[in-house]
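Data file: my_file25.txt. Format and content: compact mmCIF, C-alpha atoms.
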# COMPACT_ATOMS: atom_id res chain seq x y z
CA MET A 379 116.73 117.81 118.13
CA SER A 380 115.99 121.01 116.30
CA ARG A 381 119.48 121.07 114.83
CA GLN A 382 118.87 117.62 113.42
CA SER A 383 115.69 118.67 111.65
CA ASN A 384 117.42 121.77 110.37
CA ARG A 385 119.91 119.62 108.58
CA THR A 386 117.29 117.48 106.88
CA THR A 387 115.29 120.46 105.68
CA ASP A 388 118.51 122.06 104.51
CA SER A 389 119.40 118.90 102.69
CA LYS A 390 116.02 118.71 100.99
CA LYS A 391 116.35 122.33 99.97
CA MET A 392 119.83 121.67 98.66
CA ASN A 393 118.59 118.83 96.52
CA ALA A 394 115.85 120.99 95.12
CA GLU A 395 118.41 123.62 94.21
CA LEU A 396 120.68 121.00 92.71
CA PHE A 397 117.84 119.89 90.47
CA THR A 398 116.77 123.41 89.59
CA LEU A 399 120.30 124.56 88.81
CA THR A 400 121.05 121.43 86.79
CA TYR A 401 117.90 121.98 84.77
CA GLY A 402 118.96 125.55 84.16
CA ALA A 403 122.37 124.44 82.96
CA LEU A 404 120.69 121.96 80.64
CA VAL A 405 118.38 124.54 79.07
CA THR A 406 121.31 126.92 78.67
CA GLN A 407 123.32 124.22 76.92
CA LEU A 408 120.42 123.37 74.63
CA CYS A 409 119.99 127.03 73.71
CA LYS A 410 123.66 127.10 72.78
CA ASP A 411 123.42 123.94 70.71
CA TYR A 412 120.25 124.77 68.80
CA ASP A 413 119.52 127.96 66.92
CA ASN A 414 115.85 128.40 67.51
CA ASP A 415 113.57 128.11 70.51
CA GLU A 416 111.21 125.70 68.80
CA GLU A 417 113.98 123.15 68.45
CA VAL A 418 114.92 123.57 72.11
CA ASN A 419 111.29 123.08 73.12
CA LYS A 420 111.17 119.91 71.08
CA GLN A 421 114.35 118.55 72.64
CA LEU A 422 113.11 119.33 76.13
CA ASP A 423 109.88 117.52 75.36
CA LYS A 424 111.76 114.50 74.02
CA MET A 425 114.04 114.36 77.05
CA GLY A 426 111.06 114.74 79.32
CA TYR A 427 109.38 111.83 77.56
CA ASN A 428 112.39 109.61 78.16
CA ILE A 429 112.40 110.56 81.81
CA GLY A 430 108.64 110.11 82.13
CA VAL A 431 108.60 106.53 80.85
CA ARG A 432 110.99 105.62 83.67
CA LEU A 433 109.62 107.91 86.32
CA ILE A 434 106.21 106.26 86.18
CA GLU A 435 107.72 103.04 87.49
CA ASP A 436 109.35 104.84 90.38
CA PHE A 437 106.03 106.55 91.06
CA LEU A 438 103.97 103.38 91.00
CA ALA A 439 106.50 101.63 93.21
CA ARG A 440 106.47 104.35 95.85
CA SER A 441 102.88 105.46 95.95
CA SER A 442 100.20 102.92 96.61
CA VAL A 443 97.92 104.27 93.93
CA GLY A 444 95.93 101.66 92.04
CA ARG A 445 94.56 101.86 88.55
CA CYS A 446 92.60 105.02 87.87
CA GLN A 447 89.00 104.51 86.81
CA ASP A 448 88.68 107.61 84.68
CA PHE A 449 90.45 110.73 83.54
CA ARG A 450 89.24 112.76 86.50
CA GLU A 451 90.86 110.35 88.89
CA THR A 452 94.04 110.50 86.83
CA ALA A 453 94.04 114.28 87.10
CA ASP A 454 93.68 114.12 90.86
CA VAL A 455 96.46 111.59 91.24
CA ILE A 456 98.78 113.68 89.09
CA ALA A 457 98.09 116.86 91.02
CA LYS A 458 97.82 115.58 94.57
CA VAL A 459 100.21 112.65 94.63
CA ALA A 460 102.73 112.89 91.81
CA PHE A 461 103.47 116.61 91.86
CA LYS A 462 103.55 116.56 95.64
CA MET A 463 105.95 113.61 95.72
CA TYR A 464 108.41 114.90 93.18
CA LEU A 465 108.21 118.66 93.23
CA GLY A 466 106.65 119.35 96.61
CA ILE A 467 103.82 121.41 95.15
CA THR A 468 100.13 120.66 94.72
CA PRO A 469 98.68 122.27 91.61
CA SER A 470 94.93 122.71 91.40
CA VAL A 471 92.86 120.92 88.79
CA THR A 472 90.43 123.23 87.01
CA ASN A 473 88.85 124.20 83.70
CA TRP A 474 87.43 120.85 82.81
CA SER A 475 86.09 120.73 79.27
CA PRO A 476 82.39 119.76 78.95
CA ALA A 477 83.34 116.36 77.55
CA GLY A 478 85.60 115.72 80.53
CA ASP A 479 88.65 115.02 78.39
CA GLU A 480 90.64 118.18 78.98
CA PHE A 481 91.72 119.96 82.13
CA SER A 482 94.21 122.47 83.44
CA LEU A 483 96.78 122.21 86.18
CA ILE A 484 97.37 125.58 87.79
CA LEU A 485 100.73 125.89 89.50
CA GLU A 486 101.07 128.79 91.90
CA SER A 487 104.81 128.26 91.99
CA ASN A 488 107.08 126.31 89.70
CA PRO A 489 110.26 125.00 91.36
CA LEU A 490 111.99 124.69 88.00
CA VAL A 491 112.01 128.43 87.47
CA ASP A 492 113.59 129.56 90.74
CA PHE A 493 116.37 132.00 89.89
CA VAL A 494 115.28 132.14 86.21
CA GLU A 495 114.56 135.04 83.93
CA LEU A 496 113.96 134.70 80.22
CA PRO A 497 116.03 137.07 78.11
CA ASP A 498 114.22 138.94 75.32
CA ASN A 499 115.70 136.96 72.48
CA HIS A 500 114.14 133.74 73.79
CA SER A 501 110.55 134.84 73.99
CA SER A 502 109.14 131.65 72.47
CA LEU A 503 111.12 129.31 74.70
CA VAL A 504 108.94 127.14 76.88
CA TYR A 505 111.43 126.81 79.71
CA SER A 506 109.65 124.08 81.65
CA ASN A 507 108.75 122.01 78.61
CA LEU A 508 110.48 119.02 80.18
CA LEU A 509 107.44 118.69 82.44
CA CYS A 510 105.14 118.24 79.44
CA GLY A 511 107.31 115.44 78.13
CA VAL A 512 107.46 113.77 81.53
CA LEU A 513 103.68 113.77 81.89
CA ARG A 514 103.20 112.53 78.34
CA GLY A 515 105.75 109.72 78.73
CA ALA A 516 104.49 108.61 82.11
CA LEU A 517 100.86 108.44 81.02
CA GLU A 518 101.75 106.61 77.83
CA MET A 519 103.20 103.85 79.98
CA VAL A 520 99.81 103.45 81.61
CA GLN A 521 98.10 103.24 78.26
CA MET A 522 96.89 106.83 77.98
CA ALA A 523 97.80 108.99 75.03
CA VAL A 524 97.64 112.62 76.08
CA ASP A 525 98.60 115.98 74.71
CA VAL A 526 100.28 118.27 77.22
CA LYS A 527 101.26 121.85 76.82
CA PHE A 528 101.78 125.06 78.74
CA SER A 529 99.04 127.59 78.21
CA GLN A 530 100.31 130.12 80.73
CA ASP A 531 103.82 130.69 82.04
CA THR A 532 104.99 133.02 84.79
CA LEU A 533 108.29 133.41 82.99
CA ARG A 534 106.48 135.03 80.11
CA GLY A 535 104.54 137.46 82.22
CA ASP A 536 101.42 135.51 83.16
CA ASN A 537 100.23 135.39 86.75
CA VAL A 538 100.24 131.66 87.09
CA THR A 539 101.66 128.69 85.30
CA GLU A 540 99.00 126.61 83.59
CA ILE A 541 99.46 123.21 82.00
CA ARG A 542 96.69 122.05 79.72
CA MET A 543 96.24 118.28 79.43
CA LYS A 544 94.05 116.67 76.81
CA PHE A 545 93.12 113.03 76.69
CA ILE A 546 93.51 111.65 73.18
CA LYS A 547 92.83 107.95 73.46
CA ARG A 548 93.33 104.87 75.51
CA MET A 549 96.10 102.75 74.02
CA GLU A 550 95.82 99.04 73.52
CA GLU A 551 98.04 96.97 75.76
CA ASN A 552 100.66 95.43 73.51
CA LEU A 553 101.18 91.86 74.54
CA PRO A 554 104.43 90.32 73.34
CA ALA A 555 103.96 88.09 70.30
CA GLY A 556 103.26 84.50 71.20
CA ASP A 557 101.39 85.26 74.41
CA GLU A 558 98.01 83.68 74.67
CA MET B 885 110.96 120.06 97.27
CA ALA B 886 112.45 118.23 94.32
CA ASP B 887 113.02 114.60 95.02
CA ASP B 888 116.49 113.02 94.82
CA VAL B 889 115.45 110.65 92.12
CA LEU B 890 114.48 113.53 89.83
CA PHE B 891 118.08 114.69 89.72
CA GLU B 892 119.29 111.19 88.94
CA PHE B 893 116.82 110.80 86.09
CA LEU B 894 117.65 114.23 84.73
CA HIS B 895 121.37 113.51 84.92
CA MET B 896 120.96 110.20 83.10
CA GLU B 897 118.96 111.84 80.37
CA MET B 898 121.43 114.71 80.06
CA VAL B 899 124.36 112.36 79.53
CA SER B 900 122.39 110.32 77.03
CA HIS B 901 121.32 113.41 75.13
CA ILE B 902 124.77 115.00 74.96
CA TYR B 903 126.28 111.81 73.60
CA LYS B 904 123.47 111.14 71.14
CA ASP B 905 123.67 114.69 69.91
CA GLN B 906 127.39 114.52 69.22
CA ALA B 907 126.99 111.19 67.45
CA SER B 908 124.35 112.56 65.10
CA LYS B 909 126.56 115.49 64.16
CA GLY B 910 129.16 113.05 62.82
CA GLU B 911 132.91 113.20 63.54
CA MET B 912 133.31 110.37 66.01
CA ASP B 913 136.79 111.24 67.10
CA LYS B 914 136.60 114.52 68.94
CA ASP B 915 133.25 113.49 70.37
CA ARG B 916 134.23 111.88 73.63
CA ALA B 917 136.38 114.77 74.72
CA THR B 918 133.77 117.34 73.72
CA CYS B 919 130.98 115.50 75.48
CA VAL B 920 132.96 115.17 78.65
CA SER B 921 133.96 118.82 78.61
CA THR B 922 130.38 119.91 77.90
CA LEU B 923 129.10 117.95 80.87
CA GLU B 924 131.96 119.12 83.03
CA GLY B 925 131.28 122.72 82.06
CA MET B 926 127.64 122.37 83.05
CA GLY B 927 128.64 120.89 86.38
CA PHE B 928 131.08 123.72 86.92
CA ARG B 929 128.42 126.42 86.64
CA VAL B 930 126.03 124.53 88.87
CA GLY B 931 128.74 123.83 91.43
CA GLN B 932 129.57 127.52 91.65
CA GLY B 933 125.95 128.44 92.21
CA LEU B 934 125.32 125.68 94.73
CA ILE B 935 128.30 126.48 96.90
CA GLU B 936 127.33 130.15 97.03
CA ARG B 937 123.87 129.30 98.29
CA PHE B 938 125.22 126.74 100.66
CA THR B 939 127.95 128.71 102.37
CA LYS B 940 126.50 132.19 102.46
CA ASP B 941 125.98 132.04 106.20
CA SER B 942 129.05 130.04 107.14
CA PRO B 943 132.29 131.51 108.46
CA SER B 944 135.27 131.44 106.11
CA PHE B 945 137.58 128.43 106.02
CA LYS B 946 140.94 128.27 107.74
CA ASP B 947 142.89 126.60 104.95
CA ASP B 948 142.68 124.25 102.00
CA LEU B 949 142.36 121.17 104.14
CA ASP B 950 139.42 122.71 105.91
CA VAL B 951 137.75 123.39 102.57
CA MET B 952 138.33 119.81 101.45
CA LYS B 953 136.88 118.45 104.67
CA PHE B 954 133.83 120.60 104.12
CA ILE B 955 133.47 119.23 100.60
CA CYS B 956 133.84 115.68 101.87
CA LYS B 957 131.28 116.07 104.62
CA ASP B 958 128.62 118.73 104.23
CA PHE B 959 128.76 119.28 100.49
CA TRP B 960 128.83 115.58 99.63
CA ILE B 961 126.01 114.82 102.06
CA ASN B 962 123.81 117.44 100.55
CA VAL B 963 124.50 116.62 96.95
CA PHE B 964 125.07 112.86 97.03
CA ARG B 965 123.34 112.01 100.28
CA LYS B 966 126.37 110.52 102.03
CA GLN B 967 129.85 111.48 103.12
CA ILE B 968 133.07 110.78 101.34
CA ASP B 969 134.48 107.58 102.80
CA ASN B 970 138.16 108.33 102.57
CA LEU B 971 140.21 111.49 102.08
CA ARG B 972 143.90 111.29 101.36
CA THR B 973 146.37 114.04 100.65
CA ASN B 974 150.02 114.51 100.02
CA HIS B 975 149.86 117.86 101.80
CA GLN B 976 151.19 119.44 98.66
CA GLY B 977 147.97 120.31 96.91
CA THR B 978 146.72 116.90 95.80
CA TYR B 979 143.69 115.31 97.41
CA VAL B 980 142.01 112.02 96.67
CA LEU B 981 138.38 111.64 97.69
CA GLN B 982 137.11 108.09 97.74
CA ASP B 983 133.42 107.32 97.67
CA ASN B 984 132.72 103.60 98.04
CA LYS B 985 129.14 103.81 96.95
CA PHE B 986 128.82 106.76 94.62
CA ALA B 987 125.18 107.74 94.27
CA LEU B 988 125.24 108.12 90.50
CA LEU B 989 126.90 104.74 89.92
CA THR B 990 124.96 102.45 92.24
CA GLN B 991 122.35 101.65 89.61
CA PHE B 992 124.94 100.50 87.08
CA SER B 993 126.74 97.53 88.43
CA ASN B 994 128.43 96.07 91.43
CA GLY B 995 131.71 95.16 89.91
CA LYS B 996 133.37 95.53 86.59
CA GLN B 997 130.42 95.46 84.26
CA TYR B 998 129.91 98.70 82.28
CA LEU B 999 133.22 100.08 83.53
CA GLU B 1000 133.87 101.83 80.20
CA GLU B 1001 130.62 103.74 80.47
CA ALA B 1002 131.33 105.07 83.94
CA PRO B 1003 133.41 108.15 83.00
CA LYS B 1004 130.45 109.65 81.13
CA TYR B 1005 128.47 109.67 84.32
CA LEU B 1006 131.24 111.18 86.39
CA ALA B 1007 132.03 114.18 84.21
CA TYR B 1008 129.19 116.28 85.58
CA SER B 1009 130.13 115.53 89.18
CA CYS B 1010 133.75 116.44 88.54
CA GLY B 1011 132.52 119.77 87.25
CA LEU B 1012 130.36 120.20 90.35
CA VAL B 1013 133.35 119.77 92.62
CA ARG B 1014 135.56 122.01 90.50
CA GLY B 1015 132.92 124.73 90.45
CA ALA B 1016 132.38 124.53 94.18
CA LEU B 1017 136.10 124.76 94.90
CA SER B 1018 136.53 127.57 92.41
CA ASN B 1019 134.05 129.75 94.23
CA LEU B 1020 135.73 128.96 97.52
CA GLY B 1021 138.92 130.38 96.11
CA MET B 1022 140.66 127.21 95.03
CA ASP B 1023 141.50 126.75 91.37
CA CYS B 1024 141.95 123.11 90.65
CA VAL B 1025 141.66 120.24 88.26
CA VAL B 1026 139.26 117.46 89.19
CA THR B 1027 139.36 114.03 87.62
CA ALA B 1028 137.63 110.81 88.52
CA GLU B 1029 138.53 107.20 88.15
CA VAL B 1030 136.61 104.01 88.67
CA SER B 1031 138.10 100.57 88.99
CA LEU B 1032 135.28 98.77 90.72
CA MET B 1033 131.70 100.01 90.63
CA PRO B 1034 130.11 101.68 92.50
CA SER B 1035 133.23 102.92 94.20
CA CYS B 1036 135.11 105.81 92.65
CA LYS B 1037 137.94 108.19 93.42
CA PHE B 1038 137.96 111.89 92.70
CA GLN B 1039 141.38 113.45 92.42
CA VAL B 1040 141.69 117.17 93.13
CA VAL B 1041 144.90 118.89 92.18
CA ILE B 1042 145.17 122.50 93.28
CA GLN B 1043 146.70 124.75 90.67
CA LYS B 1044 149.42 126.97 92.01
CA ILE B 1045 149.38 130.30 90.25
As a first step, turn the structure in this file into structure tokens.
Amino acid sequence: MSRQSNRTTDSKKMNAELFTLTYGALVTQLCKDYDNDEEVNKQLDKMGYNIGVRLIEDFLARSSVGRCQDFRETADVIAKVAFKMYLGITPSVTNWSPAGDEFSLILESNPLVDFVELPDNHSSLVYSNLLCGVLRGALEMVQMAVDVKFSQDTLRGDNVTEIRMKFIKRMEENLPAGDE
Amino acid sequence: MADDVLFEFLHMEMVSHIYKDQASKGEMDKDRATCVSTLEGMGFRVGQGLIERFTKDSPSFKDDLDVMKFICKDFWINVFRKQIDNLRTNHQGTYVLQDNKFALLTQFSNGKQYLEEAPKYLAYSCGLVRGALSNLGMDCVVTAEVSLMPSCKFQVVIQKI
């Protein structure tokens, strides 16, 4: 019995490492292809966006979360359900702005950066920028325009990793032409 | 821990990006080969790393066949969530691994549709296998072929020095 469970935990760990290592290879390749860090950050964000617009469907299909009533509920769902489901971590939601349209996700650990160190010549690289794109893309598919960026990063010497999310506006549902 | 589907999404996006990138830089002709070798190179590095983590506590392998069986069973289960369905060899350094329901191809089609696109999505996996074998002491060339989705065959040819 215990051997059986060992194998499944090993297999989950393996998959996490597969994802982490693949992401590392991707960032390395992007750094080779593009000269400056800003361009790499942009590409990571774009790729993350493309992943996010598809991931949201997988998420909605697998979790039984209904429509969120407000931004606070959205924040909770992202931190407690989505992050837990996909990355196995539960960031905390803090630093709400007085207007309630901005908050921070504090990640104690970031699975993407296992085994990673940033060399000195890439000091403005936002290594995990894919995550920002994913969040932005996913929320856009549920009619929320948001701005997502990293405000703290353990790879760059901070104690924690902090993602700042700002609500911009609710998007109109685009019905196909001819629908009435 | 990272979900399986995350890797699949990331892989899809990686392939799409590499090909889009090459297209925008012009020069259609050398593209396909460069894209495939870029993806294969990425897979190679990841395969090397993965196999190190995976086998650090295991005893060493008796011979090449033992290594291939390990790849077909444990390695494939951990990376692609199932075993290889069929392993054939000519006992002279060539192995053919057949996977009847390859994890990265199941979402494409169940027959011949999109057959031309399949190689793009196999390049990374070929690199994974080559990297894994390389760090287990076997230098080889890994190619993949698909004739009917989602089944595919990986051919491993060990390079004699």
Please, which residues of chain B lie no more than 9 Å from chain A when the count uses all atoms listed in the file, and can they be set out as an mmCIF file with C-alpha atoms, in the coordinates of the input?
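Written file, result03.cif:
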data_model
loop_
_atom_site.group_PDB
_atom_site.id
_atom_site.type_symbol
_atom_site.label_atom_id
_atom_site.label_comp_id
_atom_site.auth_asym_id
_atom_site.auth_seq_id
_atom_site.Cartn_x
_atom_site.Cartn_y
_atom_site.Cartn_z
ATOM 1 C CA MET B 885 110.960 120.060 97.270
ATOM 2 C CA ALA B 886 112.450 118.230 94.320
ATOM 3 C CA ASP B 887 113.020 114.600 95.020
ATOM 4 C CA ASP B 888 116.490 113.020 94.820
ATOM 5 C CA VAL B 889 115.450 110.650 92.120
ATOM 6 C CA LEU B 890 114.480 113.530 89.830
ATOM 7 C CA PHE B 891 118.080 114.690 89.720
ATOM 8 C CA GLU B 892 119.290 111.190 88.940
ATOM 9 C CA PHE B 893 116.820 110.800 86.090
ATOM 10 C CA LEU B 894 117.650 114.230 84.730
ATOM 11 C CA HIS B 895 121.370 113.510 84.920
ATOM 12 C CA MET B 896 120.960 110.200 83.100
ATOM 13 C CA GLU B 897 118.960 111.840 80.370
ATOM 14 C CA MET B 898 121.430 114.710 80.060
ATOM 15 C CA HIS B 901 121.320 113.410 75.130
ATOM 16 C CA THR B 922 130.380 119.910 77.900
ATOM 17 C CA MET B 926 127.640 122.370 83.050
ATOM 18 C CA GLY B 927 128.640 120.890 86.380
ATOM 19 C CA ARG B 929 128.420 126.420 86.640
ATOM 20 C CA VAL B 930 126.030 124.530 88.870
ATOM 21 C CA GLY B 931 128.740 123.830 91.430
ATOM 22 C CA GLY B 933 125.950 128.440 92.210
ATOM 23 C CA LEU B 934 125.320 125.680 94.730
ATOM 24 C CA ARG B 937 123.870 129.300 98.290
ATOM 25 C CA PHE B 938 125.220 126.740 100.660
ATOM 26 C CA ILE B 961 126.010 114.820 102.060
ATOM 27 C CA ASN B 962 123.810 117.440 100.550
ATOM 28 C CA VAL B 963 124.500 116.620 96.950
ATOM 29 C CA PHE B 964 125.070 112.860 97.030
ATOM 30 C CA ARG B 965 123.340 112.010 100.280
#
How many Å lie between atom CA of Ala987 of chain B and atom CA of Pro1034 of chain B, rounded to one decimal?
->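 We find that atom CA of Ala987 of chain B and atom CA of Pro1034 of chain B lie 8.0 Å from each other.
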In terms of only C-alpha atoms, the residue from B:Ser1009, B:Thr978, B:Asn1019, B:Ser1035 at minimal distance from Gly995 of chain B is B:Ser1035
Long-range neighbours of segment 950-954 of chain B as an MDAnalysis selection string, 12 Å cut-off, all atoms listed in the file, 6 positions minimum in chain = chainID B and resid 935 938:939 942:944 960:962 967:973 975 977:981 1013:1014 1016:1022 1024 1038:1042
Pairwise distance for atom CA of Ser506 of chain A and atom CA of Gln530 of chain A, rounded to one decimal in Å |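 Atom CA of Ser506 of chain A sits 11.2 Å away from atom CA of Gln530 of chain A.
Comparing the minimum interatomic distances between Ala457 of chain A and each of A:Ile541, A:Asn499, A:Val405, A:Asp536, counting only C-alpha atoms, we find that A:Ile541 sits nearest.
The space between atom CA of Ala453 of chain A and atom CA of Val471 of chain A spans 7.0 Å.
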Restricting the calculation to only C-alpha atoms, which member of A:Val431, A:Leu483, A:Met543, A:Val524 is positioned closest to Pro469 of chain A?
->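 Of A:Val431, A:Leu483, A:Met543, A:Val524, the one nearest Pro469 of chain A is A:Leu483, counting only C-alpha atoms.
Minimum distance to Glu417 of chain A across A:Asn507, A:Ser482, A:Ser442, A:Ser475 (counting all atoms listed in the file) occurs at A:Asn507.
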Residues near Leu1032 of chain B, cut-off 8 Å, all atoms listed in the file, skip fewer than 5 positions along chain, as number ranges by chain = B: 994-996, 999
Can I get the selected residues back with C-alpha atoms, as a PDB file, in the coordinates of the input?
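This is the output file part_9.pdb:
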ATOM      1  CA  ASN B 994     128.430  96.070  91.430  1.00  0.00           C
ATOM      2  CA  GLY B 995     131.710  95.160  89.910  1.00  0.00           C
ATOM      3  CA  LYS B 996     133.370  95.530  86.590  1.00  0.00           C
ATOM      4  CA  LEU B 999     133.220 100.080  83.530  1.00  0.00           C
TER       5      LEU B 999
END
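Nearest to Lys544 of chain A of all the residues A:Phe437, A:Lys410, A:Thr452, A:Ser502 is A:Thr452, based on all atoms listed in the file.
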Which residue gives the smallest distance to Met522 of chain A among A:Thr539, A:Asp492, A:Arg534, A:Met549, with all atoms listed in the file counted?
-> A:Met549
Take every atom of segment 497-514 of chain A listed in the file, fit an axis-aligned box around them, add 6 Å per side, and give the centre and edge lengths in Å to one decimal as lines of an AutoDock Vina configuration file.
center_x = 109.6
center_y = 125.7
center_z = 77.5
size_x = 24.8
size_y = 38.4
size_z = 22.0
Mind checking which residues fall within 10 Å of Glu416 of chain A, counting all atoms listed in the file, ignoring those fewer than 3 positions away in the same chain, and posting them as a list in words?
->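 Contacts, in chain order: Tyr412, Asp413, Asn419, Lys420, Gln421, Leu422, His500, Ser502, Leu503 and Val504 of chain A.
The list of residues with at least one atom within 10 Å of Met1033 of chain B, based on all atoms listed in the file and without residues fewer than 5 positions apart in the same chain, reads Asn984, Lys985, Phe986, Leu989, Thr990, Gln991, Phe992, Ser993, Asn994, Gly995, Lys996, Gln997, Tyr998, Leu999 and Ala1002 of chain B.
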File dump, residues just selected, C-alpha atoms, as a PDB file, in the frame of the given file:
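Saved the output as out-v5.pdb:
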ATOM      1  CA  ASN B 984     132.720 103.600  98.040  1.00  0.00           C
ATOM      2  CA  LYS B 985     129.140 103.810  96.950  1.00  0.00           C
ATOM      3  CA  PHE B 986     128.820 106.760  94.620  1.00  0.00           C
ATOM      4  CA  LEU B 989     126.900 104.740  89.920  1.00  0.00           C
ATOM      5  CA  THR B 990     124.960 102.450  92.240  1.00  0.00           C
ATOM      6  CA  GLN B 991     122.350 101.650  89.610  1.00  0.00           C
ATOM      7  CA  PHE B 992     124.940 100.500  87.080  1.00  0.00           C
ATOM      8  CA  SER B 993     126.740  97.530  88.430  1.00  0.00           C
ATOM      9  CA  ASN B 994     128.430  96.070  91.430  1.00  0.00           C
ATOM     10  CA  GLY B 995     131.710  95.160  89.910  1.00  0.00           C
ATOM     11  CA  LYS B 996     133.370  95.530  86.590  1.00  0.00           C
ATOM     12  CA  GLN B 997     130.420  95.460  84.260  1.00  0.00           C
ATOM     13  CA  TYR B 998     129.910  98.700  82.280  1.00  0.00           C
ATOM     14  CA  LEU B 999     133.220 100.080  83.530  1.00  0.00           C
ATOM     15  CA  ALA B1002     131.330 105.070  83.940  1.00  0.00           C
TER      16      ALA B1002
END
